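> Contents of query.cif (mmCIF, C-alpha atoms):
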```cif
data_entry
#
loop_
_atom_site.label_atom_id
_atom_site.label_comp_id
_atom_site.auth_asym_id
_atom_site.auth_seq_id
_atom_site.Cartn_x
_atom_site.Cartn_y
_atom_site.Cartn_z
CA MET A 1 19.04 -50.67 -72.26
CA GLY A 2 21.23 -52.86 -70.03
CA ASN A 3 21.67 -49.97 -67.57
CA ASN A 4 17.96 -49.47 -67.61
CA LYS A 5 17.47 -53.14 -66.71
CA TYR A 6 20.01 -52.82 -63.80
CA LEU A 7 18.35 -49.63 -62.49
CA GLY A 8 14.96 -51.33 -62.79
CA GLY A 9 16.17 -54.16 -60.51
CA LYS A 10 17.41 -51.65 -57.92
CA GLU A 11 14.14 -49.79 -58.03
CA LEU A 12 12.31 -53.08 -57.60
CA LYS A 13 14.35 -53.78 -54.47
CA LYS A 14 13.51 -50.34 -53.12
CA LEU A 15 9.87 -50.87 -53.95
CA LEU A 16 9.84 -54.24 -52.20
CA LEU A 17 11.50 -52.71 -49.10
CA LEU A 18 8.99 -49.88 -49.09
CA ALA A 19 6.11 -52.35 -49.45
CA LEU A 20 7.50 -54.38 -46.54
CA LEU A 21 7.74 -51.26 -44.38
CA MET A 22 4.19 -50.25 -45.29
CA LEU A 23 2.94 -53.74 -44.53
CA THR A 24 4.62 -53.68 -41.11
CA ALA A 25 3.12 -50.24 -40.37
CA MET A 26 -0.33 -51.48 -41.42
CA VAL A 27 -0.10 -54.55 -39.17
CA VAL A 28 0.92 -52.43 -36.15
CA SER A 29 -1.79 -49.88 -36.95
CA ASN A 30 -4.47 -52.57 -37.32
CA THR A 31 -3.51 -54.13 -33.99
CA GLN A 32 -3.94 -50.81 -32.20
CA LEU A 33 -7.23 -50.18 -33.96
CA SER A 34 -8.59 -53.55 -32.92
CA VAL A 35 -7.70 -52.86 -29.27
CA HIS A 36 -9.49 -49.52 -29.39
CA ALA A 37 -12.44 -51.14 -31.12
CA SER A 38 -12.80 -53.64 -28.29
CA CYS A 39 -13.06 -50.72 -25.86
CA GLU A 40 -15.54 -48.69 -27.84
CA SER A 41 -18.59 -50.42 -26.45
CA GLY A 42 -17.42 -50.05 -22.85
CA PRO A 43 -17.59 -47.17 -20.41
CA GLU A 44 -15.10 -44.34 -20.46
CA PHE A 45 -12.64 -45.96 -18.09
CA CYS A 46 -11.98 -48.88 -20.47
CA VAL A 47 -8.22 -49.49 -20.96
CA GLU A 48 -6.11 -51.26 -23.55
CA ASP A 49 -4.76 -54.80 -23.30
CA GLY A 50 -1.18 -55.70 -22.57
CA ASP A 51 -0.47 -52.87 -20.16
CA GLY A 52 3.28 -52.60 -19.67
CA GLY A 53 4.15 -54.54 -22.81
CA GLY A 54 4.41 -57.92 -21.02
CA THR A 55 2.46 -61.07 -21.71
CA PRO A 56 -1.25 -60.38 -21.14
CA THR A 57 -2.50 -62.24 -18.08
CA THR A 58 -6.10 -62.46 -16.96
CA GLU A 59 -6.28 -63.27 -13.28
CA GLY A 60 -8.11 -61.98 -10.27
CA THR A 61 -9.74 -62.70 -6.94
CA LEU A 62 -13.44 -63.29 -6.49
CA SER A 63 -14.95 -62.93 -3.03
CA ILE A 64 -18.48 -63.74 -1.96
CA TYR A 65 -20.07 -61.75 0.86
CA SER A 66 -23.30 -62.46 2.67
CA ASP A 67 -24.73 -60.33 5.47
CA GLY A 68 -27.10 -62.55 7.42
CA THR A 69 -27.71 -60.10 10.25
CA THR A 70 -31.01 -58.47 11.14
CA SER A 71 -31.86 -55.05 9.79
CA ASN A 72 -33.68 -53.95 12.94
CA SER A 73 -34.49 -55.18 16.42
CA SER A 74 -38.25 -55.66 16.21
CA ALA A 75 -40.06 -58.95 16.26
CA SER A 76 -40.87 -58.62 12.57
CA SER A 77 -37.17 -58.73 11.84
CA PHE A 78 -37.34 -62.22 13.25
CA ALA A 79 -38.99 -62.97 9.93
CA SER A 80 -37.47 -60.40 7.61
CA GLY A 81 -34.03 -60.15 9.10
CA PHE A 82 -33.16 -63.05 11.34
CA ILE A 83 -34.18 -65.65 8.83
CA LEU A 84 -33.58 -63.78 5.59
CA GLY A 85 -30.63 -61.52 6.40
CA THR A 86 -29.70 -58.29 4.63
CA HIS A 87 -27.84 -58.86 1.34
CA SER A 88 -25.37 -61.05 -0.57
CA PHE A 89 -23.00 -60.00 -3.35
CA ILE A 90 -19.66 -60.68 -5.00
CA HIS A 91 -16.49 -58.62 -5.18
CA ILE A 92 -13.91 -59.04 -7.94
CA GLU A 93 -10.39 -57.65 -7.94
CA ASN A 94 -8.45 -57.60 -11.20
CA THR A 95 -4.88 -58.64 -10.36
CA GLY A 96 -3.82 -59.32 -13.96
CA ASN A 97 -2.71 -56.85 -16.61
CA THR A 98 -5.68 -56.97 -19.00
CA PHE A 99 -9.13 -55.55 -18.47
CA MET A 100 -12.03 -57.86 -17.60
CA VAL A 101 -15.62 -57.61 -18.80
CA PHE A 102 -18.59 -58.33 -16.54
CA GLY A 103 -21.82 -57.53 -18.32
CA ALA A 104 -21.56 -53.81 -19.08
CA TYR A 105 -18.67 -53.22 -16.71
CA TYR A 106 -15.04 -53.06 -17.88
CA LEU A 107 -12.73 -53.71 -14.95
CA GLN A 108 -9.27 -52.21 -15.22
CA PRO A 109 -6.12 -53.96 -13.98
CA GLY A 110 -5.54 -53.17 -10.31
CA GLU A 111 -9.15 -52.14 -9.71
CA ASP A 112 -12.13 -53.89 -8.18
CA VAL A 113 -15.91 -53.97 -8.40
CA THR A 114 -18.82 -55.23 -6.34
CA ILE A 115 -21.70 -56.90 -8.17
CA GLY A 116 -25.09 -57.81 -6.73
CA ILE A 117 -28.76 -57.91 -7.65
CA TYR A 118 -31.44 -55.72 -6.05
CA GLY A 119 -35.22 -55.97 -5.99
CA ASN A 120 -36.02 -52.66 -4.30
CA LYS A 121 -34.36 -49.96 -6.41
CA ASP A 122 -36.77 -47.93 -8.55
CA GLU A 123 -34.45 -47.53 -11.54
CA HIS A 124 -33.68 -51.16 -12.12
CA LEU A 125 -34.40 -54.64 -10.76
CA GLY A 126 -31.37 -56.85 -11.31
CA VAL A 127 -27.61 -56.41 -11.52
CA TRP A 128 -26.00 -53.35 -9.96
CA TYR A 129 -22.29 -52.53 -10.02
CA ASN A 130 -20.49 -50.96 -7.05
CA LEU A 131 -23.69 -50.18 -5.15
CA GLU A 132 -22.44 -52.27 -2.22
CA ALA A 133 -19.13 -50.41 -2.29
CA TYR A 134 -21.07 -47.15 -2.23
CA PHE A 135 -23.17 -48.26 0.75
CA PHE A 136 -20.01 -49.46 2.50
CA VAL A 137 -18.33 -46.08 2.04
CA GLU A 138 -21.42 -44.09 2.95
CA SER A 139 -22.66 -46.11 5.88
CA SER A 140 -20.19 -48.89 6.83
CA ALA A 141 -22.80 -51.32 5.54
CA TYR A 142 -22.18 -55.08 5.54
CA SER A 143 -19.64 -54.82 8.37
CA ASP A 144 -20.92 -58.14 9.75
CA ALA A 145 -20.98 -59.94 6.38
CA LYS A 146 -19.24 -63.27 6.09
CA GLY A 147 -17.03 -63.94 3.09
CA LEU A 148 -14.82 -66.32 1.17
CA SER A 149 -12.28 -65.74 -1.62
CA VAL A 150 -11.07 -67.74 -4.62
CA GLU A 151 -8.62 -67.04 -7.43
CA ILE A 152 -10.08 -66.75 -10.94
CA ASP A 153 -8.57 -67.00 -14.43
CA GLU A 154 -9.56 -66.07 -17.99
CA ASP A 155 -12.03 -68.96 -18.36
CA ASP A 156 -13.70 -68.05 -15.07
CA VAL A 157 -14.05 -64.42 -16.19
CA GLU A 158 -15.84 -65.55 -19.36
CA ILE A 159 -18.15 -67.84 -17.39
CA ILE A 160 -19.01 -65.07 -14.91
CA ASP A 161 -19.58 -62.56 -17.72
CA ASP A 162 -21.98 -64.95 -19.49
CA TYR A 163 -23.82 -65.63 -16.24
CA ILE A 164 -24.27 -61.92 -15.50
CA ASP A 165 -25.54 -61.29 -19.04
CA ASP A 166 -28.09 -64.09 -18.65
CA ASN A 167 -29.25 -63.26 -15.12
CA ASN A 168 -29.86 -59.52 -14.99
CA THR A 169 -33.08 -59.93 -13.01
CA TRP A 170 -34.50 -60.22 -9.48
CA SER A 171 -37.40 -62.09 -7.87
CA ASN A 172 -38.15 -63.67 -4.49
CA SER A 173 -37.09 -67.04 -5.86
CA PHE A 174 -34.02 -65.63 -7.63
CA ASN A 175 -32.61 -63.09 -5.22
CA CYS A 176 -29.22 -61.69 -4.19
CA ALA A 177 -28.24 -64.90 -2.37
CA SER A 178 -29.09 -67.05 -5.43
CA PHE A 179 -27.04 -64.78 -7.71
CA ALA A 180 -23.97 -64.58 -5.47
CA ALA A 181 -23.98 -68.30 -4.64
CA ASP A 182 -24.44 -69.30 -8.31
CA ILE A 183 -21.41 -67.25 -9.38
CA TRP A 184 -19.34 -68.62 -6.51
CA ASN A 185 -20.34 -72.20 -7.39
CA LEU A 186 -19.31 -71.64 -11.04
CA VAL A 187 -15.69 -70.95 -10.09
CA SER A 188 -15.12 -72.69 -6.76
CA THR A 189 -14.93 -76.30 -5.63
CA ASP A 190 -16.47 -75.37 -2.26
CA HIS A 191 -20.19 -75.60 -3.00
CA LEU A 192 -22.56 -73.15 -1.27
CA ASP A 193 -26.28 -73.82 -1.03
CA PRO A 194 -28.29 -70.80 0.21
CA TYR A 195 -31.69 -72.54 0.03
CA ASN A 196 -33.88 -72.17 3.12
CA SER A 197 -36.34 -75.05 3.04
CA ILE A 198 -38.62 -73.46 5.66
CA ILE A 199 -39.54 -70.46 3.53
CA GLY A 200 -38.81 -72.08 0.18
CA TYR A 201 -36.14 -69.83 -1.34
CA ASP A 202 -32.53 -68.73 -1.03
CA THR A 203 -31.62 -66.27 1.72
CA PRO A 204 -28.53 -64.21 2.68
CA LYS A 205 -28.83 -65.58 6.22
CA ARG A 206 -28.60 -69.16 5.00
CA LEU A 207 -25.74 -68.29 2.67
CA ALA A 208 -23.84 -66.61 5.53
CA ASN A 209 -24.29 -69.77 7.63
CA LYS A 210 -22.96 -71.92 4.77
CA ILE A 211 -19.94 -69.63 4.31
CA ASP A 212 -19.35 -70.00 8.05
CA ASP A 213 -19.02 -73.78 7.58
CA ILE A 214 -16.09 -73.49 5.15
CA SER A 215 -12.57 -73.03 6.45
CA GLY A 216 -10.92 -69.77 5.49
CA PHE A 217 -14.03 -67.62 5.83
CA PHE A 218 -13.68 -64.05 7.06
CA ILE A 219 -15.98 -61.51 8.67
CA GLY A 220 -16.43 -57.96 7.43
CA ILE A 221 -15.51 -56.15 4.24
CA GLN A 222 -11.95 -57.02 3.22
CA PHE A 223 -11.51 -54.60 0.33
CA THR A 224 -10.39 -51.06 1.03
CA VAL A 225 -11.93 -47.99 -0.51
CA ASP A 226 -9.33 -45.23 -0.35
CA SER A 227 -9.19 -41.87 -2.07
CA SER A 228 -7.45 -43.33 -5.12
CA VAL A 229 -10.50 -45.37 -6.02
CA SER A 230 -13.24 -43.15 -4.63
CA ASP A 231 -14.11 -41.91 -8.10
CA ASP A 232 -14.75 -45.45 -9.23
CA VAL A 233 -16.82 -46.18 -6.14
CA GLY A 234 -19.01 -43.19 -6.94
CA TYR A 235 -19.32 -44.62 -10.41
CA TYR A 236 -21.98 -47.16 -9.62
CA GLY A 237 -24.87 -48.20 -11.78
CA TYR A 238 -26.65 -50.92 -13.62
CA THR A 239 -27.13 -52.34 -17.07
CA GLU A 240 -30.28 -52.86 -19.06
CA ASN A 241 -30.44 -54.46 -22.51
CA GLN A 242 -26.63 -54.67 -22.50
CA VAL A 243 -26.36 -50.90 -22.12
CA GLY A 244 -24.68 -49.59 -18.99
CA THR A 245 -26.22 -46.74 -17.05
CA PHE A 246 -23.77 -45.42 -14.50
CA VAL A 247 -25.00 -42.80 -12.08
CA THR A 248 -23.11 -40.71 -9.58
CA GLN A 249 -25.82 -40.09 -7.04
CA LEU A 250 -28.17 -42.17 -4.95
CA PRO A 251 -31.11 -43.76 -6.76
CA SER A 252 -34.32 -41.81 -6.34
CA MET B 1 -67.00 -77.29 21.19
CA LYS B 2 -67.95 -74.96 18.37
CA LYS B 3 -67.98 -72.02 20.79
CA ILE B 4 -64.43 -72.81 21.92
CA LEU B 5 -63.26 -73.07 18.32
CA LYS B 6 -64.96 -69.77 17.54
CA LYS B 7 -63.21 -68.10 20.50
CA ILE B 8 -59.82 -69.48 19.43
CA LEU B 9 -60.32 -68.20 15.89
CA ILE B 10 -61.31 -64.76 17.17
CA ILE B 11 -58.24 -64.63 19.44
CA ILE B 12 -55.93 -65.65 16.59
CA ALA B 13 -57.49 -63.09 14.24
CA SER B 14 -57.17 -60.36 16.90
CA VAL B 15 -53.52 -61.16 17.52
CA VAL B 16 -52.81 -61.10 13.77
CA LEU B 17 -54.61 -57.75 13.41
CA ILE B 18 -52.70 -56.24 16.35
CA LEU B 19 -49.39 -57.47 14.92
CA VAL B 20 -50.18 -56.11 11.44
CA PHE B 21 -51.17 -52.75 12.93
CA PHE B 22 -48.08 -52.63 15.11
CA PHE B 23 -45.64 -53.47 12.33
CA SER B 24 -47.33 -51.03 9.96
CA TYR B 25 -47.81 -48.04 12.29
CA GLY B 26 -47.42 -48.91 15.97
CA TRP B 27 -43.63 -49.10 15.87
CA LYS B 28 -43.53 -45.30 15.67
CA LEU B 29 -44.88 -45.11 19.23
CA PHE B 30 -41.54 -46.47 20.44
CA GLY B 31 -39.38 -43.77 18.82
CA PHE B 32 -36.15 -45.08 17.34
CA THR B 33 -36.30 -48.48 19.06
CA PHE B 34 -37.71 -50.33 16.06
CA CYS B 35 -35.93 -48.34 13.36
CA ASP B 36 -33.30 -50.05 11.24
CA LYS B 37 -29.66 -50.11 12.29
CA PRO B 38 -27.88 -46.95 11.10
CA GLN B 39 -25.37 -48.90 8.99
CA ASN B 40 -28.28 -50.25 6.94
CA VAL B 41 -29.83 -46.82 6.35
CA ILE B 42 -28.25 -44.35 3.95
CA VAL B 43 -29.47 -40.80 4.52
CA SER B 44 -28.93 -37.71 2.38
CA TYR B 45 -30.70 -34.35 2.52
CA ASP B 46 -31.44 -31.15 0.61
CA GLU B 47 -32.60 -27.86 2.08
CA ILE B 48 -35.65 -26.88 0.04
CA ALA B 49 -36.70 -23.86 2.12
CA GLN B 50 -35.69 -22.26 5.39
CA HIS B 51 -35.72 -25.00 8.03
CA GLN B 52 -37.43 -27.33 5.58
CA TYR B 53 -35.53 -30.34 4.30
CA GLU B 54 -36.06 -33.16 1.85
CA ILE B 55 -34.56 -36.30 3.36
CA THR B 56 -33.75 -39.26 1.11
CA PHE B 57 -33.62 -42.69 2.70
CA ASN B 58 -32.05 -45.74 1.09
CA THR B 59 -31.26 -49.21 2.41
CA SER B 60 -28.29 -51.51 1.95
CA SER B 61 -30.73 -54.42 1.83
CA SER B 62 -31.70 -55.70 -1.59
CA TYR B 63 -35.31 -56.62 -0.80
CA LEU B 64 -36.67 -54.69 2.21
CA ASP B 65 -39.53 -52.22 1.80
CA TYR B 66 -39.62 -48.70 3.26
CA LYS B 67 -42.25 -48.38 6.03
CA GLY B 68 -41.69 -44.91 7.41
CA TYR B 69 -39.50 -42.67 9.52
CA VAL B 70 -39.36 -40.87 12.86
CA TYR B 71 -37.36 -37.81 13.84
CA LYS B 72 -36.77 -35.30 16.60
CA TYR B 73 -34.92 -32.00 16.78
CA GLU B 74 -32.89 -31.27 19.89
CA GLU B 75 -30.37 -28.49 20.49
CA GLY B 76 -29.10 -28.20 16.94
CA ILE B 77 -29.10 -31.93 16.29
CA LEU B 78 -31.55 -33.73 14.00
CA TYR B 79 -32.16 -37.29 15.14
CA ILE B 80 -33.67 -39.43 12.41
CA GLY B 81 -34.49 -43.09 11.89
CA ALA B 82 -36.19 -45.19 9.21
CA ARG B 83 -37.84 -48.54 9.28
CA TYR B 84 -37.77 -51.20 6.57
CA SER B 85 -39.39 -54.61 6.56
CA GLN B 86 -40.21 -57.36 4.15
CA SER B 87 -42.88 -56.61 1.57
CA PHE B 88 -45.44 -59.38 1.42
CA PHE B 89 -47.12 -57.94 -1.66
CA GLY B 90 -44.10 -57.34 -3.93
CA ASN B 91 -42.98 -53.98 -5.35
CA ALA B 92 -40.61 -53.23 -2.49
CA LYS B 93 -39.32 -49.65 -2.41
CA GLY B 94 -35.87 -49.25 -0.96
CA THR B 95 -35.69 -45.52 -1.54
CA ALA B 96 -38.00 -42.84 -0.15
CA LYS B 97 -38.07 -39.05 0.01
CA GLU B 98 -39.64 -37.25 2.96
CA THR B 99 -40.02 -33.55 3.72
CA ILE B 100 -39.50 -32.41 7.29
CA GLN B 101 -39.76 -29.04 9.01
CA VAL B 102 -37.51 -28.24 11.98
CA ASP B 103 -37.50 -25.31 14.41
CA ASP B 104 -34.00 -24.07 13.76
CA ASP B 105 -30.73 -24.82 11.94
CA PHE B 106 -28.96 -28.06 12.79
CA TYR B 107 -25.22 -28.76 12.64
CA LYS B 108 -25.39 -32.52 12.87
CA ILE B 109 -27.66 -35.40 11.87
CA ILE B 110 -27.69 -38.53 13.96
CA VAL B 111 -29.19 -41.59 12.27
CA SER B 112 -30.58 -43.72 15.04
CA GLY B 113 -32.17 -47.15 15.28
CA SER B 114 -32.17 -50.44 17.16
CA GLY B 115 -30.01 -48.98 19.91
CA ASP B 116 -27.25 -47.76 17.60
CA GLU B 117 -26.31 -44.34 16.21
CA LYS B 118 -24.36 -42.88 13.29
CA GLU B 119 -23.32 -39.23 12.93
CA ILE B 120 -23.51 -37.18 9.78
CA ILE B 121 -21.65 -33.91 10.20
CA ILE B 122 -23.16 -31.15 8.13
CA GLY B 123 -20.84 -29.65 5.58
CA ASN B 124 -18.68 -32.77 5.17
#
```
Just give me the structure of the file as structure tokens.

Amino acid sequence: MGNNKYLGGKELKKLLLLALLMLTAMVVSNTQLSVHASCESGPEFCVEDGDGGGTPTTEGTLSIYSDGTTSNSSASSFASGFILGTHSFIHIENTGNTFMVFGAYYLQPGEDVTIGIYGNKDEHLGVWYNLEAYFFVESSAYSDAKGLSVEIDEDDVEIIDDYIDDNNTWSNSFNCASFAADIWNLVSTDHLDPYNSIIGYDTPKRLANKIDDISGFFIGIQFTVDSSVSDDVGYYGYTENQVGTFVTQLPS
Amino acid sequence: MKKILKKILIIIASVVLILVFFFSYGWKLFGFTFCDKPQNVIVSYDEIAQHQYEITFNTSSSYLDYKGYVYKYEEGILYIGARYSQSFFGNAKGTAKETIQVDDDFYKIIVSGSGDEKEIIIGN
């Protein structure tokens, strides 16, 4: 009876140890599951947090670009190009070690994305991802654009993500210059006002002029698109009703 | 006084009409001069029959509207240009597909406009 009691205590210890091991395994397993779950809603290139096992850091660089040049040399471009310009957009590079979310786009560490709104693409009026990068690769577009850069952190990423979710649209009064300048103004202390009082709405030309007034501005595309990221550049698209549609060919 | 005012109004209306006509159609008379800069025009093509091609135009601008294209074929080179301008009536179309017929095969496309050119080598 006494022996039985002693053996029962030993078994209890073993049971407790086993339970502890199982609990540890469950905690580890649940952590991995939750990471995968956070990626499930994203596109196929979504990656897990904490790459490399270090402390997760969310940091990056946001650049604003605005091409205020004319599209053609005719007198009508005096109205459509000289005053309005061509296009404005933002570029974000993820320099941290966790992925970032911008609307429907999951940005991996070490990668970058261009984001802008369009009012003349049949498939979608509003936010497009990487379309500017595609045009840059295909046609050296925006080579005369003026730009500025600022560092961003986790809070900024959340603010930008919310803004993109709430502003997936395009109109004359809310155009590419409004979108790019708004995002810049959310994360930078250098305020940019793209409003052209003569025609009554924001323009890329005006935004380019304002960028020109701030020290540290640059001219031309500063990000590189080499073969290692060409797949991602081809992976451009848009989002509608929080669902991403990423195409690999030009819009028709 | 009324006659002078009437004349002024007629002159203004005529100038507006001429400008509208020119910017809608007349620009084609000047070849590639009034086409958009090549870096703003993205061109791709598909051969749909012998010497017949479907050309797709797109623009790096986010608001300009497609107005038309011009082209010429010369010694194995297809010169092509497209014009975009602001749409005053909304519904701007940045993308357009056009079918063109050429006399012979071409080995190179040159996108031309506003005094600038960009080469597209066939097969690359």
> I need the residue set behind the PyMOL selection byres ((chain B and resi 73) around 10) for this file; please write it as JSON, numbers by chain.
{"B": [71, 72, 74, 75, 76, 77, 78, 79, 80, 101, 102, 103, 104, 105, 106, 109]}
> For a quick check of understanding, using all atoms listed in the file, which of B:Leu9, B:Asp46, B:Phe23, B:Ile100 has the smallest distance to Ser87 in chain B?
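Once distances to Ser87 in chain B are computed over all atoms listed in the file, the minimum belongs to B:Phe23.
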> Pick the closest to chain B from A:Gly110, A:Pro204, A:Gly103, A:Gly60: which is it, counting only C-alpha atoms?
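Closest to chain B, using only C-alpha atoms: A:Pro204.
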> Could you work out how far CA of Asn94 in chain A lies from CA of Ala180 in chain A, giving the answer in Å with one decimal?
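Rounded to one decimal, the two atoms are 18.0 Å apart.
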> Output the residue selection produced by the PyMOL selection byres ((chain B and resi 43) around 6) on the file above, formatted as a PDB file with C-alpha atoms, in the frame of the given file.

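Once everything was written out, this is expr_25.pdb:
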```
ATOM      1  CA  ILE B  42     -28.250 -44.350   3.950  1.00  0.00           C
ATOM      2  CA  SER B  44     -28.930 -37.710   2.380  1.00  0.00           C
ATOM      3  CA  THR B  56     -33.750 -39.260   1.110  1.00  0.00           C
ATOM      4  CA  PHE B  57     -33.620 -42.690   2.700  1.00  0.00           C
TER       5      PHE B  57
END
```
> Output the residue selection produced by the PyMOL selection byres ((chain B) within 9 of (chain A)) on the file above, formatted as a PyMOL selection string.
chain B and resi 19+23+27+33-44+56+58-65+83-87+90-97+113-115+118
> Store the residues picked out above in a file with C-alpha atoms, as a short mmCIF file (atom, residue, chain, number, x, y, z; two decimals), in the coordinates of the input.

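Writing the result to out_3.cif gives the following:
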```cif
data_model
loop_
_atom_site.label_atom_id
_atom_site.label_comp_id
_atom_site.auth_asym_id
_atom_site.auth_seq_id
_atom_site.Cartn_x
_atom_site.Cartn_y
_atom_site.Cartn_z
CA LEU B 19 -49.39 -57.47 14.92
CA PHE B 23 -45.64 -53.47 12.33
CA TRP B 27 -43.63 -49.10 15.87
CA THR B 33 -36.30 -48.48 19.06
CA PHE B 34 -37.71 -50.33 16.06
CA CYS B 35 -35.93 -48.34 13.36
CA ASP B 36 -33.30 -50.05 11.24
CA LYS B 37 -29.66 -50.11 12.29
CA PRO B 38 -27.88 -46.95 11.10
CA GLN B 39 -25.37 -48.90 8.99
CA ASN B 40 -28.28 -50.25 6.94
CA VAL B 41 -29.83 -46.82 6.35
CA ILE B 42 -28.25 -44.35 3.95
CA VAL B 43 -29.47 -40.80 4.52
CA SER B 44 -28.93 -37.71 2.38
CA THR B 56 -33.75 -39.26 1.11
CA ASN B 58 -32.05 -45.74 1.09
CA THR B 59 -31.26 -49.21 2.41
CA SER B 60 -28.29 -51.51 1.95
CA SER B 61 -30.73 -54.42 1.83
CA SER B 62 -31.70 -55.70 -1.59
CA TYR B 63 -35.31 -56.62 -0.80
CA LEU B 64 -36.67 -54.69 2.21
CA ASP B 65 -39.53 -52.22 1.80
CA ARG B 83 -37.84 -48.54 9.28
CA TYR B 84 -37.77 -51.20 6.57
CA SER B 85 -39.39 -54.61 6.56
CA GLN B 86 -40.21 -57.36 4.15
CA SER B 87 -42.88 -56.61 1.57
CA GLY B 90 -44.10 -57.34 -3.93
CA ASN B 91 -42.98 -53.98 -5.35
CA ALA B 92 -40.61 -53.23 -2.49
CA LYS B 93 -39.32 -49.65 -2.41
CA GLY B 94 -35.87 -49.25 -0.96
CA THR B 95 -35.69 -45.52 -1.54
CA ALA B 96 -38.00 -42.84 -0.15
CA LYS B 97 -38.07 -39.05 0.01
CA GLY B 113 -32.17 -47.15 15.28
CA SER B 114 -32.17 -50.44 17.16
CA GLY B 115 -30.01 -48.98 19.91
CA LYS B 118 -24.36 -42.88 13.29
#
```
> Residues at most 9 Å from Gln222 in chain A, counting only C-alpha atoms, excluding those fewer than 3 positions away in the same chain, as a list in words?
Gly147, Phe218 and Ile219 of chain A
> Between CA of Met1 in chain B and CA of Val15 in chain B, what is the distance, to one decimal in Å?
21.3 Å
> I'd like the neighbourhood of Asp156 in chain A as a list in words, where a residue qualifies if any of its atoms comes within 12 Å (using all atoms listed in the file), though same-chain residues fewer than 3 positions away should be ignored.
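Within the cut-off, the hits are Thr58, Glu59, Gly60, Thr61, Leu62, Ile92, Met100, Val101, Phe102, Val150, Glu151, Ile152, Asp153, Ile159, Ile160, Asp161, Asp162, Tyr163, Ile183, Trp184, Asn185, Leu186, Val187 and Ser188 of chain A.
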> Work out how far CA of Ile164 in chain A is from CA of Val225 in chain A, in Å to one decimal.
23.9 Å
> Draw an axis-aligned box over all listed atoms of range 144-153 of chain A, pad each side with 5 Å, and write its centre and edge lengths in Å, one decimal, as AutoDock Vina command-line options.

```
--center_x -14.8 --center_y -62.9 --center_z -2.3 --size_x 22.4 --size_y 19.6 --size_z 34.2
```
> Would you mind telling me which residue in A:Phe99, A:Tyr129, A:Thr69, A:Ile115 lies nearest to Tyr235 in chain A when using all atoms listed in the file?
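Of the candidates, the smallest distance to Tyr235 in chain A is held by A:Tyr129.
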> Can you rebuild range 94-106 of chain B with N, CA and C atoms and give it as a PDB file, in the coordinates of the input?

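New file rebuild-v2.pdb:
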```pdb
ATOM      1  N   GLY B  94     -36.997 -49.446  -1.868  1.00  0.00           N
ATOM      2  CA  GLY B  94     -35.870 -49.250  -0.960  1.00  0.00           C
ATOM      3  C   GLY B  94     -35.538 -47.800  -0.727  1.00  0.00           C
ATOM      4  N   THR B  95     -36.015 -46.940  -1.614  1.00  0.00           N
ATOM      5  CA  THR B  95     -35.690 -45.520  -1.540  1.00  0.00           C
ATOM      6  C   THR B  95     -36.961 -44.719  -1.272  1.00  0.00           C
ATOM      7  N   ALA B  96     -36.839 -43.701  -0.417  1.00  0.00           N
ATOM      8  CA  ALA B  96     -38.000 -42.840  -0.150  1.00  0.00           C
ATOM      9  C   ALA B  96     -37.536 -41.417   0.129  1.00  0.00           C
ATOM     10  N   LYS B  97     -38.356 -40.466  -0.277  1.00  0.00           N
ATOM     11  CA  LYS B  97     -38.070 -39.050   0.010  1.00  0.00           C
ATOM     12  C   LYS B  97     -39.145 -38.523   0.946  1.00  0.00           C
ATOM     13  N   GLU B  98     -38.709 -37.823   1.993  1.00  0.00           N
ATOM     14  CA  GLU B  98     -39.640 -37.250   2.960  1.00  0.00           C
ATOM     15  C   GLU B  98     -39.269 -35.782   3.188  1.00  0.00           C
ATOM     16  N   THR B  99     -40.278 -34.955   3.412  1.00  0.00           N
ATOM     17  CA  THR B  99     -40.020 -33.550   3.720  1.00  0.00           C
ATOM     18  C   THR B  99     -40.282 -33.304   5.203  1.00  0.00           C
ATOM     19  N   ILE B 100     -39.306 -32.704   5.868  1.00  0.00           N
ATOM     20  CA  ILE B 100     -39.500 -32.410   7.290  1.00  0.00           C
ATOM     21  C   ILE B 100     -39.231 -30.930   7.572  1.00  0.00           C
ATOM     22  N   GLN B 101     -39.904 -30.427   8.587  1.00  0.00           N
ATOM     23  CA  GLN B 101     -39.760 -29.040   9.010  1.00  0.00           C
ATOM     24  C   GLN B 101     -39.159 -29.050  10.420  1.00  0.00           C
ATOM     25  N   VAL B 102     -38.095 -28.315  10.634  1.00  0.00           N
ATOM     26  CA  VAL B 102     -37.510 -28.240  11.980  1.00  0.00           C
ATOM     27  C   VAL B 102     -37.558 -26.798  12.486  1.00  0.00           C
ATOM     28  N   ASP B 103     -37.344 -26.633  13.793  1.00  0.00           N
ATOM     29  CA  ASP B 103     -37.500 -25.310  14.410  1.00  0.00           C
ATOM     30  C   ASP B 103     -36.345 -24.368  14.088  1.00  0.00           C
ATOM     31  N   ASP B 104     -35.178 -24.923  13.899  1.00  0.00           N
ATOM     32  CA  ASP B 104     -34.000 -24.070  13.760  1.00  0.00           C
ATOM     33  C   ASP B 104     -32.962 -24.797  12.900  1.00  0.00           C
ATOM     34  N   ASP B 105     -31.809 -24.151  12.673  1.00  0.00           N
ATOM     35  CA  ASP B 105     -30.730 -24.820  11.940  1.00  0.00           C
ATOM     36  C   ASP B 105     -30.183 -25.984  12.761  1.00  0.00           C
ATOM     37  N   PHE B 106     -29.653 -26.989  12.062  1.00  0.00           N
ATOM     38  CA  PHE B 106     -28.960 -28.060  12.790  1.00  0.00           C
ATOM     39  C   PHE B 106     -27.559 -28.208  12.222  1.00  0.00           C
TER      40      PHE B 106
END
```
